[in-house]
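Colleague: Starting off with a structure, shown below.
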Amino acid sequence: MPELDAVLDREAAFRFLARARSFLASLPPPHRIPLAEAGKLYRELGFPRGRSVSRAAARHPLLFHLPRVDSVPHLALTPLMCSLLEEERRLHDQLLPTRVRAVRKLLMLADHRRIPLAKLHHCRAVLGLPDDFRDRVREFPGDFRVAVDPDGRDVLELARWDPALAVSALERDFVVDERRVRRTFRFAVPHSRSMPLDAEDADRLDAAPTFPLVSPYTSGALLRPWTPEAEKYRVGVVHEFLSLTLEKRALIHHIFEFKEELGLTRHMHASLRKQSRAFYLAGTEMNWAVFLRDAYGGDGDLREKDPLVLFNEKLRRYACMTKMDSSESIATAY
């Protein structure tokens, strides 16, 4: 699907914007860094090694600028960007209960109901979590506990199991549109060509083991490895994980960040490719992204957009502008 491939192209085009604003926002006010030092942080700031950071910043003049402090050029956020980041912080505060619910569901998917906090922090943008989420989890003692695992890592543990949350997105959709959900996955049953089956009977045979799937909220450890049930479980886990992400998609390294907790295998690329009705895989097998097909329209746009997605779209619009027009100035003032 070219429309979904274009989503990844857009993400690559705005990599500097995403990483640089996050890095500079983590610095104390006035959110700036000497340009010579910034040039060494190509990974942190998201520009290609050997390229000029000042050239990358110049592509977004409304959001980044290069002031001189004591005759030393710096990379800094513009006042507009600072105001947008303040807007984003308020938005994160409003959405925090929704994010807490999503993390609780993720912990309910995880083996032993625990995930290292560092992994959640690394994938915070994919899950729509605020940068300070790992510090704020202690505000929710009824939902989470913070412990230390044998490796000395801080881990987030589920404080209580909630049966109302142990319902997957597919199971909810099944109530509304049973036929569509039954067709989401296809786990065909091998059968001999000599079997006297017409097309309708063959489709019925193939559909028999398709749904219900093994619930992702059961324990995958109880399933025998490499069985159809185990594959159904893993596919269902990935589907549910993607349903919890901000844009209903994730890159391979985001998915495999939780490989141990979610019981995934290195064969997931092949498993997901067989489920082309549910997933779209973009990129190469070594560096791929997976989309939930039903979450996207034919134009490659999300059907339902989280408020943070709408905010990011506004940020990208500013990133593409070289000067503020009058209508944008009025909107920003309010």
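As shown in the structure tokens, the chain order sets the letters A, B, ...; within each chain, residues go from 1, and ligands are also counted from 1 in the order they appear.
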Write down as a ChimeraX atom specification the residues of stretch 127-310 of chain A whose backbone DSSP state falls under strand (DSSP E).
Modeller: /A:144-148,154-158,249-251,279-284,287-292
Colleague: Would you mind listing what lies within 9 Å of A:Leu292 as a ChimeraX atom specification, with only C-alpha atoms counted and same-chain residues fewer than 3 positions away left out?
Modeller: /A:239,242-243,248-249,278-280,295-296
Colleague: Can I get the selection written as an mmCIF file, in the first residue's frame, with N, CA and C atoms?
Modeller:
```
data_model
loop_
_atom_site.group_PDB
_atom_site.id
_atom_site.type_symbol
_atom_site.label_atom_id
_atom_site.label_comp_id
_atom_site.auth_asym_id
_atom_site.auth_seq_id
_atom_site.Cartn_x
_atom_site.Cartn_y
_atom_site.Cartn_z
ATOM 1 N N HIS A 239 -1.529 -7.903 17.519
ATOM 2 C CA HIS A 239 -2.693 -7.092 17.149
ATOM 3 C C HIS A 239 -3.137 -6.226 18.324
ATOM 4 N N LEU A 242 -0.593 -3.384 19.003
ATOM 5 C CA LEU A 242 -0.727 -2.283 18.055
ATOM 6 C C LEU A 242 -1.971 -1.454 18.335
ATOM 7 N N SER A 243 -3.019 -2.093 18.816
ATOM 8 C CA SER A 243 -4.246 -1.346 19.137
ATOM 9 C C SER A 243 -4.028 -0.387 20.304
ATOM 10 N N LYS A 248 -1.498 3.175 15.901
ATOM 11 C CA LYS A 248 -1.876 1.831 15.452
ATOM 12 C C LYS A 248 -0.833 1.239 14.498
ATOM 13 N N ARG A 249 0.433 1.494 14.820
ATOM 14 C CA ARG A 249 1.549 0.955 14.047
ATOM 15 C C ARG A 249 2.792 1.004 14.920
ATOM 16 N N ALA A 278 -5.211 -8.342 8.213
ATOM 17 C CA ALA A 278 -5.124 -7.619 9.487
ATOM 18 C C ALA A 278 -3.971 -6.627 9.501
ATOM 19 N N PHE A 279 -2.842 -7.002 8.901
ATOM 20 C CA PHE A 279 -1.629 -6.202 9.015
ATOM 21 C C PHE A 279 -1.101 -5.789 7.644
ATOM 22 N N TYR A 280 -0.414 -4.671 7.630
ATOM 23 C CA TYR A 280 0.382 -4.292 6.461
ATOM 24 C C TYR A 280 1.811 -4.112 6.923
ATOM 25 N N ALA A 295 -7.281 0.299 10.890
ATOM 26 C CA ALA A 295 -7.183 1.600 11.548
ATOM 27 C C ALA A 295 -6.940 2.728 10.547
ATOM 28 N N TYR A 296 -6.618 2.370 9.290
ATOM 29 C CA TYR A 296 -6.266 3.361 8.272
ATOM 30 C C TYR A 296 -7.260 3.341 7.127
#
```
Colleague: Could you build a table of the residues in stretch 17-37 of chain A lying no more than 12 Å from stretch 310-318 of chain A, giving for each the nearest pair of atoms and their separation in Å rounded to one decimal place, using only C-alpha atoms, ordered by chain and ascending residue number, as JSON lines?
Modeller:
```
{"residue": "A:Leu17", "atom": "CA", "partner": "A:Arg316", "partner_atom": "CA", "distance": 8.3}
{"residue": "A:Ala18", "atom": "CA", "partner": "A:Asn312", "partner_atom": "CA", "distance": 9.3}
{"residue": "A:Arg21", "atom": "CA", "partner": "A:Leu315", "partner_atom": "CA", "distance": 10.7}
```
Colleague: Would you work out the distance separating atom CA of A:Leu156 from atom CA of A:Ala25, expressed in Å to one decimal?
Modeller: 25.1 Å
Colleague: Please identify all polymer residues within 12 Å of A:Pro48, counting only C-alpha atoms, omitting same-chain residues fewer than 4 positions from it, and present them as a PyMOL selection string.
Modeller: chain A and resi 12-13+15-16+39-44+52-53+55-56
Colleague: Save the residues we just selected, N, CA and C atoms, as a compact mmCIF listing (two decimals), in the first residue's frame?
Modeller:
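Final output, saved to result02.txt:
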```
# COMPACT_ATOMS: atom_id res chain seq x y z
N ALA A 12 10.33 9.70 8.49
CA ALA A 12 11.77 9.90 8.28
C ALA A 12 12.07 11.36 8.00
N ALA A 13 11.17 12.03 7.26
CA ALA A 13 11.40 13.43 6.91
C ALA A 13 11.37 14.33 8.14
N ARG A 15 12.24 13.29 11.28
CA ARG A 15 12.99 12.66 12.36
C ARG A 15 13.75 13.72 13.19
N PHE A 16 14.37 14.68 12.51
CA PHE A 16 15.10 15.73 13.25
C PHE A 16 14.14 16.51 14.14
N GLY A 39 26.45 19.28 17.06
CA GLY A 39 26.91 18.59 15.87
C GLY A 39 27.42 17.19 16.13
N LYS A 40 27.76 16.89 17.39
CA LYS A 40 28.25 15.56 17.74
C LYS A 40 27.11 14.61 18.15
N LEU A 41 25.92 15.17 18.32
CA LEU A 41 24.79 14.39 18.84
C LEU A 41 23.83 14.00 17.72
N TYR A 42 24.38 13.44 16.64
CA TYR A 42 23.53 13.15 15.49
C TYR A 42 22.48 12.09 15.80
N ARG A 43 22.80 11.13 16.67
CA ARG A 43 21.80 10.13 17.04
C ARG A 43 20.70 10.75 17.88
N GLU A 44 21.08 11.53 18.88
CA GLU A 44 20.10 12.12 19.79
C GLU A 44 19.21 13.13 19.08
N SER A 52 25.13 18.69 8.47
CA SER A 52 25.15 19.89 9.29
C SER A 52 23.87 20.00 10.11
N VAL A 53 24.01 20.12 11.44
CA VAL A 53 22.84 20.29 12.28
C VAL A 53 22.19 21.65 12.03
N ARG A 55 21.93 23.12 9.18
CA ARG A 55 21.11 22.99 7.98
C ARG A 55 19.80 22.28 8.31
N ALA A 56 19.86 21.27 9.18
CA ALA A 56 18.63 20.57 9.58
C ALA A 56 17.70 21.52 10.32
```
Colleague: Extract the full set of helix (DSSP H, G or I) residues from stretch 52-261 of chain A according to DSSP on the backbone, and format it as a ChimeraX atom specification.
Modeller: /A:53-58,79-109,111-113,117-122,124-127,133-139,163-165,169-176,178-182,199-207,220-222,228-243,252-261
